[in-house]
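Peer 1: Below is the file protein_5.cif, which contains mmCIF, C-alpha atoms; chains and numbers go by the auth columns.
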data_input
loop_
_atom_site.group_PDB
_atom_site.id
_atom_site.type_symbol
_atom_site.label_atom_id
_atom_site.label_comp_id
_atom_site.label_asym_id
_atom_site.label_seq_id
_atom_site.Cartn_x
_atom_site.Cartn_y
_atom_site.Cartn_z
_atom_site.B_iso_or_equiv
_atom_site.auth_seq_id
_atom_site.auth_asym_id
ATOM 1 C CA MET A 1 -2.158 11.478 5.502 0.00 1 A
ATOM 2 C CA GLU A 2 -3.574 14.968 6.168 0.00 2 A
ATOM 3 C CA ILE A 3 -7.000 15.535 4.666 0.00 3 A
ATOM 4 C CA LEU A 4 -9.069 18.704 4.436 0.00 4 A
ATOM 5 C CA ILE A 5 -12.788 18.454 5.158 0.00 5 A
ATOM 6 C CA ALA A 6 -13.728 22.102 5.023 0.00 6 A
ATOM 7 C CA ASP A 7 -16.924 21.905 7.089 0.00 7 A
ATOM 8 C CA ARG A 8 -16.727 18.841 9.282 0.00 8 A
ATOM 9 C CA GLU A 9 -19.574 20.031 11.515 0.00 9 A
ATOM 10 C CA ALA A 10 -22.258 18.682 9.191 0.00 10 A
ATOM 11 C CA PRO A 11 -23.381 15.266 10.494 0.00 11 A
ATOM 12 C CA SER A 12 -22.391 13.345 7.357 0.00 12 A
ATOM 13 C CA ALA A 13 -18.995 15.031 7.168 0.00 13 A
ATOM 14 C CA ALA A 14 -18.391 14.569 10.903 0.00 14 A
ATOM 15 C CA ALA A 15 -19.053 10.840 10.571 0.00 15 A
ATOM 16 C CA VAL A 16 -16.582 10.537 7.679 0.00 16 A
ATOM 17 C CA ALA A 17 -14.008 12.571 9.622 0.00 17 A
ATOM 18 C CA ARG A 18 -14.284 10.238 12.626 0.00 18 A
ATOM 19 C CA THR A 19 -13.879 7.183 10.397 0.00 19 A
ATOM 20 C CA LEU A 20 -10.797 8.584 8.683 0.00 20 A
ATOM 21 C CA GLU A 21 -9.255 9.618 11.997 0.00 21 A
ATOM 22 C CA ALA A 22 -9.816 6.113 13.346 0.00 22 A
ATOM 23 C CA HIS A 23 -7.707 4.847 10.443 0.00 23 A
ATOM 24 C CA GLY A 24 -4.824 7.162 11.292 0.00 24 A
ATOM 25 C CA HIS A 25 -5.530 10.128 9.031 0.00 25 A
ATOM 26 C CA VAL A 26 -5.349 13.746 10.259 0.00 26 A
ATOM 27 C CA ILE A 27 -8.380 15.888 9.449 0.00 27 A
ATOM 28 C CA ARG A 28 -8.151 19.650 8.962 0.00 28 A
ATOM 29 C CA GLY A 29 -11.017 22.098 8.486 0.00 29 A
ATOM 30 C CA CYS A 30 -11.774 25.626 7.278 0.00 30 A
ATOM 31 C CA ARG A 31 -14.600 26.539 9.649 0.00 31 A
ATOM 32 C CA ASP A 32 -12.895 27.363 12.939 0.00 32 A
ATOM 33 C CA VAL A 33 -15.221 30.133 14.115 0.00 33 A
ATOM 34 C CA GLU A 34 -18.885 30.241 15.038 0.00 34 A
ATOM 35 C CA GLU A 35 -19.653 33.957 14.548 0.00 35 A
ATOM 36 C CA SER A 36 -22.986 34.525 12.892 0.00 36 A
ATOM 37 C CA GLY A 37 -22.528 35.511 9.267 0.00 37 A
ATOM 38 C CA ALA A 38 -18.795 34.793 9.230 0.00 38 A
ATOM 39 C CA ALA A 39 -17.379 33.700 5.898 0.00 39 A
ATOM 40 C CA PRO A 40 -16.827 29.938 5.890 0.00 40 A
ATOM 41 C CA CYS A 41 -13.497 30.354 4.066 0.00 41 A
ATOM 42 C CA ALA A 42 -10.578 30.951 6.420 0.00 42 A
ATOM 43 C CA ALA A 43 -8.809 33.263 3.974 0.00 43 A
ATOM 44 C CA LEU A 44 -11.916 35.407 3.556 0.00 44 A
ATOM 45 C CA ARG A 45 -11.997 35.843 7.362 0.00 45 A
ATOM 46 C CA GLY A 46 -8.393 37.021 7.322 0.00 46 A
ATOM 47 C CA ALA A 47 -7.202 33.742 8.857 0.00 47 A
ATOM 48 C CA GLN A 48 -4.618 31.359 7.455 0.00 48 A
ATOM 49 C CA CYS A 49 -5.836 28.895 4.856 0.00 49 A
ATOM 50 C CA PRO A 50 -5.185 25.297 5.966 0.00 50 A
ATOM 51 C CA LEU A 51 -3.941 24.539 2.448 0.00 51 A
ATOM 52 C CA ASP A 52 -1.103 26.995 3.141 0.00 52 A
ATOM 53 C CA THR A 53 -0.296 25.866 6.671 0.00 53 A
ATOM 54 C CA HIS A 54 -0.718 22.079 6.526 0.00 54 A
ATOM 55 C CA PRO A 55 0.622 19.358 4.200 0.00 55 A
ATOM 56 C CA ILE A 56 -2.776 18.465 2.744 0.00 56 A
ATOM 57 C CA ASP A 57 -2.760 15.484 0.371 0.00 57 A
ATOM 58 C CA ALA A 58 -6.481 15.305 -0.403 0.00 58 A
ATOM 59 C CA VAL A 59 -9.653 17.337 0.015 0.00 59 A
ATOM 60 C CA VAL A 60 -12.826 15.420 0.848 0.00 60 A
ATOM 61 C CA LYS A 61 -16.319 16.740 0.240 0.00 61 A
ATOM 62 C CA VAL A 62 -19.226 14.825 1.735 0.00 62 A
ATOM 63 C CA GLY A 63 -22.882 14.969 0.627 0.00 63 A
ATOM 64 C CA PRO A 64 -25.694 15.616 0.650 0.00 64 A
ATOM 65 C CA ARG A 65 -25.233 18.699 -1.478 0.00 65 A
ATOM 66 C CA PRO A 66 -26.098 21.873 0.485 0.00 66 A
ATOM 67 C CA THR A 67 -28.421 24.622 -0.676 0.00 67 A
ATOM 68 C CA PRO A 68 -26.624 27.323 -2.693 0.00 68 A
ATOM 69 C CA ASP A 69 -24.816 30.014 -0.723 0.00 69 A
ATOM 70 C CA PRO A 70 -26.920 33.227 -0.571 0.00 70 A
ATOM 71 C CA ARG A 71 -23.959 35.085 -2.101 0.00 71 A
ATOM 72 C CA GLY A 72 -24.386 32.979 -5.218 0.00 72 A
ATOM 73 C CA ASP A 73 -21.464 30.547 -4.903 0.00 73 A
ATOM 74 C CA SER A 74 -22.381 27.059 -3.697 0.00 74 A
ATOM 75 C CA HIS A 75 -18.672 26.181 -3.404 0.00 75 A
ATOM 76 C CA LEU A 76 -17.742 29.173 -1.246 0.00 76 A
ATOM 77 C CA GLY A 77 -15.649 27.890 1.650 0.00 77 A
ATOM 78 C CA ASP A 78 -16.125 24.269 0.659 0.00 78 A
ATOM 79 C CA GLY A 79 -12.451 23.631 -0.037 0.00 79 A
ATOM 80 C CA ASP A 80 -13.310 21.543 -3.086 0.00 80 A
ATOM 81 C CA LEU A 81 -12.948 24.382 -5.573 0.00 81 A
ATOM 82 C CA CYS A 82 -9.704 25.389 -3.842 0.00 82 A
ATOM 83 C CA ALA A 83 -8.444 21.819 -4.266 0.00 83 A
ATOM 84 C CA VAL A 84 -9.142 21.835 -8.002 0.00 84 A
ATOM 85 C CA ARG A 85 -7.448 25.203 -8.421 0.00 85 A
ATOM 86 C CA ARG A 86 -4.361 23.999 -6.547 0.00 86 A
ATOM 87 C CA LEU A 87 -4.247 20.596 -8.258 0.00 87 A
ATOM 88 C CA ILE A 88 -4.867 18.733 -4.976 0.00 88 A
ATOM 89 C CA PRO A 89 -6.778 15.442 -5.362 0.00 89 A
ATOM 90 C CA LEU A 90 -10.481 15.919 -4.659 0.00 90 A
ATOM 91 C CA VAL A 91 -12.588 13.080 -3.255 0.00 91 A
ATOM 92 C CA LEU A 92 -16.361 13.431 -3.564 0.00 92 A
ATOM 93 C CA LEU A 93 -18.450 11.218 -1.270 0.00 93 A
ATOM 94 C CA ASP A 94 -22.205 10.838 -1.761 0.00 94 A
ATOM 95 C CA ARG A 95 -22.157 13.707 -4.269 0.00 95 A
ATOM 96 C CA PRO A 96 -23.038 12.114 -7.641 0.00 96 A
ATOM 97 C CA ASP A 97 -24.290 15.352 -9.195 0.00 97 A
ATOM 98 C CA ASP A 98 -21.539 17.670 -8.007 0.00 98 A
ATOM 99 C CA THR A 99 -20.483 20.147 -10.684 0.00 99 A
ATOM 100 C CA LEU A 100 -16.812 19.442 -9.897 0.00 100 A
ATOM 101 C CA ALA A 101 -17.171 15.692 -10.484 0.00 101 A
ATOM 102 C CA PRO A 102 -15.290 15.854 -13.826 0.00 102 A
ATOM 103 C CA TRP A 103 -12.256 17.226 -11.972 0.00 103 A
ATOM 104 C CA ALA A 104 -12.435 14.913 -8.959 0.00 104 A
ATOM 105 C CA ALA A 105 -9.784 12.269 -8.383 0.00 105 A
ATOM 106 C CA THR A 106 -12.547 9.836 -7.418 0.00 106 A
ATOM 107 C CA THR A 107 -16.187 9.676 -6.398 0.00 107 A
ATOM 108 C CA ALA A 108 -17.558 7.107 -3.979 0.00 108 A
ATOM 109 C CA ALA A 109 -20.111 6.419 -1.296 0.00 109 A
ATOM 110 C CA ALA A 110 -19.407 7.835 2.151 0.00 110 A
ATOM 111 C CA SER A 111 -19.258 4.268 3.459 0.00 111 A
ATOM 112 C CA GLU A 112 -16.197 3.775 1.230 0.00 112 A
ATOM 113 C CA ALA A 113 -14.354 6.863 2.505 0.00 113 A
ATOM 114 C CA VAL A 114 -11.257 5.049 3.784 0.00 114 A
ATOM 115 C CA GLU A 115 -10.804 3.013 0.620 0.00 115 A
ATOM 116 C CA ALA A 116 -11.396 6.090 -1.549 0.00 116 A
ATOM 117 C CA VAL A 117 -8.787 8.332 0.081 0.00 117 A
ATOM 118 C CA GLU A 118 -6.202 5.561 0.282 0.00 118 A
ATOM 119 C CA ARG A 119 -6.782 4.701 -3.369 0.00 119 A
ATOM 120 C CA VAL A 120 -6.213 8.341 -4.286 0.00 120 A
ATOM 121 C CA HIS A 121 -3.092 8.454 -2.129 0.00 121 A
ATOM 122 C CA GLU A 122 -1.528 5.567 -4.055 0.00 122 A
ATOM 123 C CA ALA A 123 -2.597 6.724 -7.517 0.00 123 A
ATOM 124 C CA ILE A 124 -0.424 8.774 -9.830 0.00 124 A
ATOM 125 C CA LEU A 125 -1.446 12.376 -10.516 0.00 125 A
ATOM 126 C CA PRO A 126 -2.456 12.253 -14.183 0.00 126 A
ATOM 127 C CA LEU A 127 -1.965 15.926 -15.073 0.00 127 A
ATOM 128 C CA HIS A 128 1.388 16.207 -13.296 0.00 128 A
ATOM 129 C CA THR A 129 2.561 12.909 -14.759 0.00 129 A
ATOM 130 C CA THR A 130 1.631 13.959 -18.288 0.00 130 A
ATOM 131 C CA ARG A 131 3.529 17.237 -17.882 0.00 131 A
ATOM 132 C CA ALA A 132 6.585 15.406 -16.523 0.00 132 A
ATOM 133 C CA LEU A 133 6.505 12.757 -19.240 0.00 133 A
ATOM 134 C CA VAL A 134 6.221 15.303 -22.058 0.00 134 A
ATOM 135 C CA THR A 135 9.228 17.163 -20.634 0.00 135 A
ATOM 136 C CA ALA A 136 11.332 14.030 -20.173 0.00 136 A
ATOM 137 C CA ARG A 137 10.622 12.611 -23.616 0.00 137 A
ATOM 138 C CA GLY A 138 11.125 15.984 -25.296 0.00 138 A
ATOM 139 C CA GLU A 139 14.563 16.311 -23.753 0.00 139 A
ATOM 140 C CA LEU A 140 15.524 12.793 -24.798 0.00 140 A
ATOM 141 C CA ARG A 141 14.541 13.579 -28.376 0.00 141 A
ATOM 142 C CA GLN A 142 16.732 16.677 -28.295 0.00 142 A
ATOM 143 C CA ARG A 143 19.640 14.452 -27.268 0.00 143 A
ATOM 144 C CA GLY A 144 18.936 12.044 -30.082 0.00 144 A
ATOM 145 C CA LEU A 145 17.810 9.310 -27.707 0.00 145 A
ATOM 146 C CA ASP A 146 14.781 7.045 -27.816 0.00 146 A
ATOM 147 C CA ASP A 147 11.986 8.961 -26.108 0.00 147 A
ATOM 148 C CA ALA A 148 10.197 5.715 -25.282 0.00 148 A
ATOM 149 C CA SER A 149 13.070 4.730 -23.001 0.00 149 A
ATOM 150 C CA VAL A 150 11.692 6.723 -20.066 0.00 150 A
ATOM 151 C CA ASP A 151 8.513 6.659 -18.018 0.00 151 A
ATOM 152 C CA VAL A 152 7.389 8.931 -15.179 0.00 152 A
ATOM 153 C CA GLU A 153 5.059 8.700 -12.190 0.00 153 A
ATOM 154 C CA VAL A 154 4.129 11.691 -10.013 0.00 154 A
ATOM 155 C CA ARG A 155 2.345 11.307 -6.686 0.00 155 A
ATOM 156 C CA ARG A 156 1.371 13.631 -3.853 0.00 156 A
ATOM 157 C CA ARG A 157 3.087 13.092 -0.517 0.00 157 A
ATOM 158 C CA ALA A 158 3.010 15.257 2.653 0.00 158 A
ATOM 159 C CA GLY A 159 1.753 18.290 0.762 0.00 159 A
ATOM 160 C CA GLY A 160 4.496 17.938 -1.840 0.00 160 A
ATOM 161 C CA LEU A 161 5.202 15.804 -4.879 0.00 161 A
ATOM 162 C CA THR A 162 7.367 12.785 -5.603 0.00 162 A
ATOM 163 C CA VAL A 163 8.595 12.249 -9.156 0.00 163 A
ATOM 164 C CA ASP A 164 9.824 8.783 -10.128 0.00 164 A
ATOM 165 C CA LEU A 165 11.636 8.522 -13.467 0.00 165 A
ATOM 166 C CA PHE A 166 12.142 5.042 -14.883 0.00 166 A
ATOM 167 C CA THR A 167 14.728 4.481 -17.633 0.00 167 A
ATOM 168 C CA ASP A 168 15.738 1.408 -19.592 0.00 168 A
ATOM 169 C CA GLY A 169 19.341 1.532 -18.376 0.00 169 A
ATOM 170 C CA ARG A 170 20.853 3.529 -21.235 0.00 170 A
ATOM 171 C CA LEU A 171 21.275 6.758 -19.243 0.00 171 A
ATOM 172 C CA GLY A 172 24.307 7.388 -17.064 0.00 172 A
ATOM 173 C CA ASN A 173 24.124 9.150 -13.709 0.00 173 A
ATOM 174 C CA SER A 174 24.988 12.633 -14.982 0.00 174 A
ATOM 175 C CA ASP A 175 22.480 12.477 -17.853 0.00 175 A
ATOM 176 C CA ALA A 176 19.803 11.101 -15.549 0.00 176 A
ATOM 177 C CA GLU A 177 20.398 13.800 -12.963 0.00 177 A
ATOM 178 C CA GLY A 178 20.145 16.521 -15.617 0.00 178 A
ATOM 179 C CA LEU A 179 16.931 14.995 -16.898 0.00 179 A
ATOM 180 C CA ALA A 180 15.482 14.883 -13.389 0.00 180 A
ATOM 181 C CA VAL A 181 16.331 18.544 -12.784 0.00 181 A
ATOM 182 C CA HIS A 182 14.528 19.645 -15.933 0.00 182 A
ATOM 183 C CA VAL A 183 11.509 17.489 -15.149 0.00 183 A
ATOM 184 C CA VAL A 184 11.279 18.944 -11.625 0.00 184 A
ATOM 185 C CA GLN A 185 11.522 22.470 -13.037 0.00 185 A
ATOM 186 C CA SER A 186 8.695 21.723 -15.461 0.00 186 A
ATOM 187 C CA VAL A 187 6.489 20.234 -12.743 0.00 187 A
ATOM 188 C CA ARG A 188 7.205 23.203 -10.465 0.00 188 A
ATOM 189 C CA LEU A 189 6.029 25.612 -13.170 0.00 189 A
ATOM 190 C CA PHE A 190 2.883 23.530 -13.557 0.00 190 A
ATOM 191 C CA ASP A 191 2.217 23.279 -9.807 0.00 191 A
ATOM 192 C CA PRO A 192 3.634 26.263 -7.894 0.00 192 A
ATOM 193 C CA TRP A 193 1.604 25.351 -4.791 0.00 193 A
ATOM 194 C CA ALA A 194 3.304 22.016 -3.962 0.00 194 A
ATOM 195 C CA LYS A 195 5.343 22.364 -0.786 0.00 195 A
ATOM 196 C CA SER A 196 8.234 20.314 -2.201 0.00 196 A
ATOM 197 C CA ILE A 197 9.193 18.178 -5.191 0.00 197 A
ATOM 198 C CA ASP A 198 11.482 15.182 -4.735 0.00 198 A
ATOM 199 C CA ALA A 199 12.739 13.240 -7.755 0.00 199 A
ATOM 200 C CA SER A 200 14.223 9.742 -7.981 0.00 200 A
ATOM 201 C CA VAL A 201 15.658 8.098 -11.100 0.00 201 A
ATOM 202 C CA HIS A 202 15.500 4.331 -11.518 0.00 202 A
ATOM 203 C CA GLY A 203 17.390 2.156 -13.986 0.00 203 A
ATOM 204 C CA VAL A 204 20.562 4.218 -14.590 0.00 204 A
ATOM 205 C CA PHE A 205 24.007 2.736 -15.082 0.00 205 A
ATOM 206 C CA ASP A 206 27.157 3.918 -13.267 0.00 206 A
#
Would you kindly transcribe this structure into structure tokens?
Peer 2:
Amino acid sequence: MEILIADREAPSAAAVARTLEAHGHVIRGCRDVEESGAAPCAALRGAQCPLDTHPIDAVVKVGPRPTPDPRGDSHLGDGDLCAVRRLIPLVLLDRPDDTLAPWAATTAAASEAVEAVERVHEAILPLHTTRALVTARGELRQRGLDDASVDVEVRRRAGGLTVDLFTDGRLGNSDAEGLAVHVVQSVRLFDPWAKSIDASVHGVFD
């Protein structure tokens, strides 16, 4: 799993990064230069944003909370606000009062970093899943079928998305494939930043 820790030079963040790397995760960062006064955000320096160049599946922010940026934005270059904007799961560690807590996938203690990121990796994406489910059930209703006969789970994998559609066995292959196409189109409109979207349908009959 590739994880963004925007500023891993801070002692608390560096410790979390080492722990996650020891468990097989790849850590990416935003702060690759040391020039005095340089913007902490790669894109603001004219460099490539790691969210564009790497298959990031989670962004981790580690406390304690820093003092506000002198330019007035305490999240500038943090990567956490970028994660929320791009619908990437955000993990907040030792940051109980963070203003982005309502949008975080989970909050935990830094000592629970490994468990927190792996829990997020296995969890469904609630906003994506809701969008996919509304689309799938709406299409079934248009066909005169029971809209409760389908369920959907969307997860983030390798910078992209996996969509699993579960049916009760009343859909044939062609109908299921058409349903999957429309669900993927709907999810793509909702999340244009995902690097890929792969769909699988379970429970169809031949």
Peer 1: Excluding A:Asp147 and its own-chain neighbours fewer than 6 positions away, which residues fall within 10 Å of it when counting all atoms listed in the file? Please give them as a ChimeraX atom specification.
Peer 2: /A:133-134,136-141,167
Peer 1: From the options A:Val204, A:Ala132, A:Val187, A:Ala104, which residue's atoms come nearest to A:Pro89, counting only C-alpha atoms?
Peer 2: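 Looking only at the distances to A:Pro89, the closest residue turns out to be A:Ala104.
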Peer 1: Which residue gives the smallest distance to A:Val16 among A:Ala43, A:Ala176, A:Asp98, A:Ala110, with all atoms listed in the file counted?
Peer 2: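 Smallest distance to A:Val16 is found for A:Ala110.
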Peer 1: Excluding same-chain residues fewer than 4 positions from A:Glu115, what lies within 12 Å of it counting only C-alpha atoms, as a list in words?
Peer 2: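 Those residues are Val16, Thr19, Leu20, His23, Val91, Leu93, Thr106, Thr107, Ala108, Ala109, Ala110, Ser111, Arg119, Val120, His121 and Glu122 of chain A.
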Peer 1: If the PyMOL selection byres ((chain A and resi 26) around 7) is run on the structure shown, which residues does it catch, given as JSON, numbers by chain?
Peer 2: {"A": [1, 2, 3, 21, 24, 25, 27, 28]}
Peer 1: Would you kindly translate the PyMOL selection byres ((chain A and resi 172) around 12) into the concrete residues it picks from this file, as a list in words?
Peer 2: Thr167, Asp168, Gly169, Arg170, Leu171, Asn173, Ser174, Asp175, Ala176, Glu177, Gly178, Leu179, Val201, His202, Gly203, Val204, Phe205 and Asp206 of chain A
Peer 1: What is the atom CA of A:Glu112 to atom CA of A:Cys49 distance in Å?
Peer 2: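 Computed distance, atom CA of A:Glu112 to atom CA of A:Cys49, equals 27.4 Å.
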Peer 1: Could you jot down the atom CA of A:Val152 to atom CA of A:Asp164 separation for me, Å, one decimal place?
Peer 2: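 Between atom CA of A:Val152 and atom CA of A:Asp164 the gap works out to 5.6 Å.
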Peer 1: Which distance in Å separates atom CA of A:Ile56 and atom CA of A:Ala101, to one decimal?
Peer 2: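 Computing the Euclidean distance for atom CA of A:Ile56 and atom CA of A:Ala101 yields 19.7 Å.
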Peer 1: Apply the PyMOL selection byres ((chain A and resi 127) around 10) to the displayed file and report the matching residues as a CSV table (one decimal) with C-alpha atoms, in the coordinates of the input.
Peer 2:
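Output file selection_9.csv is given in full below:
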chain,number,residue,atom,x,y,z
A,87,LEU,CA,-4.2,20.6,-8.3
A,124,ILE,CA,-0.4,8.8,-9.8
A,125,LEU,CA,-1.4,12.4,-10.5
A,126,PRO,CA,-2.5,12.3,-14.2
A,128,HIS,CA,1.4,16.2,-13.3
A,129,THR,CA,2.6,12.9,-14.8
A,130,THR,CA,1.6,14.0,-18.3
A,131,ARG,CA,3.5,17.2,-17.9
A,132,ALA,CA,6.6,15.4,-16.5
A,133,LEU,CA,6.5,12.8,-19.2
A,154,VAL,CA,4.1,11.7,-10.0
A,187,VAL,CA,6.5,20.2,-12.7
A,190,PHE,CA,2.9,23.5,-13.6
A,191,ASP,CA,2.2,23.3,-9.8
Peer 1: Give me the residues near A:Gln48 as a list of chain:residue names, where near means some atom within 12 Å (using all atoms listed in the file) and where sequence neighbours in that chain fewer than 4 positions away do not count.
Peer 2: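 So the residues in contact are A:Gly29, A:Cys30, A:Arg31, A:Asp32, A:Cys41, A:Ala42, A:Ala43, A:Leu44, A:Asp52, A:Thr53, A:His54.
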Peer 1: Compare A:Val60, A:Val150, A:Leu90, A:Leu81 by their minimum atom-to-atom distance to A:Ser12, counting only C-alpha atoms, and give me the closest one.
Peer 2: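 The closest residue to A:Ser12 is A:Val60.
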Peer 1: Could you give me, as an NGL selection string, the residues within 6 Å of stretch 156-163 of chain A, counting all atoms listed in the file and dropping anything in the same chain fewer than 3 positions from it?
Peer 2: :A and (55-57 or 153 or 194-199)
Peer 1: Using all atoms listed in the file, which of the listed residues (A:Ala17, A:Arg143, A:Asp97, A:Ala6) sits closest to A:Val114?
Peer 2: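 Of all the options, A:Ala17 lies closest to A:Val114.
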Peer 1: Could you pull stretch 5-22 of chain A out of the block above and give me N, CA and C atoms, as a PDB file, in the first residue's frame?
Peer 2:
ATOM      1  N   ILE A   5       2.602  10.696   3.466  1.00  0.00           N
ATOM      2  CA  ILE A   5       2.806  11.488   4.682  1.00  0.00           C
ATOM      3  C   ILE A   5       3.536  12.730   4.201  1.00  0.00           C
ATOM      4  N   ALA A   6       2.809  13.821   4.090  1.00  0.00           N
ATOM      5  CA  ALA A   6       3.321  14.985   3.372  1.00  0.00           C
ATOM      6  C   ALA A   6       4.659  15.466   3.915  1.00  0.00           C
ATOM      7  N   ASP A   7       4.755  15.609   5.232  1.00  0.00           N
ATOM      8  CA  ASP A   7       5.988  16.098   5.855  1.00  0.00           C
ATOM      9  C   ASP A   7       6.468  15.040   6.840  1.00  0.00           C
ATOM     10  N   ARG A   8       7.247  14.110   6.349  1.00  0.00           N
ATOM     11  CA  ARG A   8       7.699  13.019   7.211  1.00  0.00           C
ATOM     12  C   ARG A   8       8.960  13.371   7.978  1.00  0.00           C
ATOM     13  N   GLU A   9       9.416  14.625   7.883  1.00  0.00           N
ATOM     14  CA  GLU A   9      10.621  15.030   8.598  1.00  0.00           C
ATOM     15  C   GLU A   9      10.340  15.323  10.068  1.00  0.00           C
ATOM     16  N   ALA A  10       9.121  15.671  10.394  1.00  0.00           N
ATOM     17  CA  ALA A  10       8.785  15.905  11.805  1.00  0.00           C
ATOM     18  C   ALA A  10       8.999  14.613  12.579  1.00  0.00           C
ATOM     19  N   PRO A  11       9.535  14.678  13.794  1.00  0.00           N
ATOM     20  CA  PRO A  11       9.876  13.454  14.531  1.00  0.00           C
ATOM     21  C   PRO A  11       8.708  12.468  14.669  1.00  0.00           C
ATOM     22  N   SER A  12       7.523  12.968  14.994  1.00  0.00           N
ATOM     23  CA  SER A  12       6.390  12.057  15.169  1.00  0.00           C
ATOM     24  C   SER A  12       5.999  11.407  13.849  1.00  0.00           C
ATOM     25  N   ALA A  13       6.019  12.182  12.776  1.00  0.00           N
ATOM     26  CA  ALA A  13       5.679  11.627  11.465  1.00  0.00           C
ATOM     27  C   ALA A  13       6.749  10.658  10.981  1.00  0.00           C
ATOM     28  N   ALA A  14       8.020  10.986  11.244  1.00  0.00           N
ATOM     29  CA  ALA A  14       9.110  10.096  10.831  1.00  0.00           C
ATOM     30  C   ALA A  14       9.009   8.748  11.528  1.00  0.00           C
ATOM     31  N   ALA A  15       8.627   8.761  12.804  1.00  0.00           N
ATOM     32  CA  ALA A  15       8.480   7.505  13.540  1.00  0.00           C
ATOM     33  C   ALA A  15       7.355   6.662  12.967  1.00  0.00           C
ATOM     34  N   VAL A  16       6.226   7.294  12.634  1.00  0.00           N
ATOM     35  CA  VAL A  16       5.108   6.563  12.021  1.00  0.00           C
ATOM     36  C   VAL A  16       5.522   6.020  10.653  1.00  0.00           C
ATOM     37  N   ALA A  17       6.240   6.831   9.877  1.00  0.00           N
ATOM     38  CA  ALA A  17       6.682   6.387   8.553  1.00  0.00           C
ATOM     39  C   ALA A  17       7.572   5.145   8.661  1.00  0.00           C
ATOM     40  N   ARG A  18       8.491   5.141   9.609  1.00  0.00           N
ATOM     41  CA  ARG A  18       9.369   3.978   9.785  1.00  0.00           C
ATOM     42  C   ARG A  18       8.567   2.738  10.167  1.00  0.00           C
ATOM     43  N   THR A  19       7.578   2.916  11.027  1.00  0.00           N
ATOM     44  CA  THR A  19       6.752   1.776  11.448  1.00  0.00           C
ATOM     45  C   THR A  19       5.969   1.216  10.269  1.00  0.00           C
ATOM     46  N   LEU A  20       5.376   2.085   9.477  1.00  0.00           N
ATOM     47  CA  LEU A  20       4.596   1.625   8.329  1.00  0.00           C
ATOM     48  C   LEU A  20       5.483   0.959   7.289  1.00  0.00           C
ATOM     49  N   GLU A  21       6.667   1.512   7.074  1.00  0.00           N
ATOM     50  CA  GLU A  21       7.599   0.892   6.122  1.00  0.00           C
ATOM     51  C   GLU A  21       8.029  -0.487   6.604  1.00  0.00           C
ATOM     52  N   ALA A  22       8.212  -0.640   7.897  1.00  0.00           N
ATOM     53  CA  ALA A  22       8.602  -1.946   8.437  1.00  0.00           C
ATOM     54  C   ALA A  22       7.526  -2.996   8.219  1.00  0.00           C
TER      55      ALA A  22
END
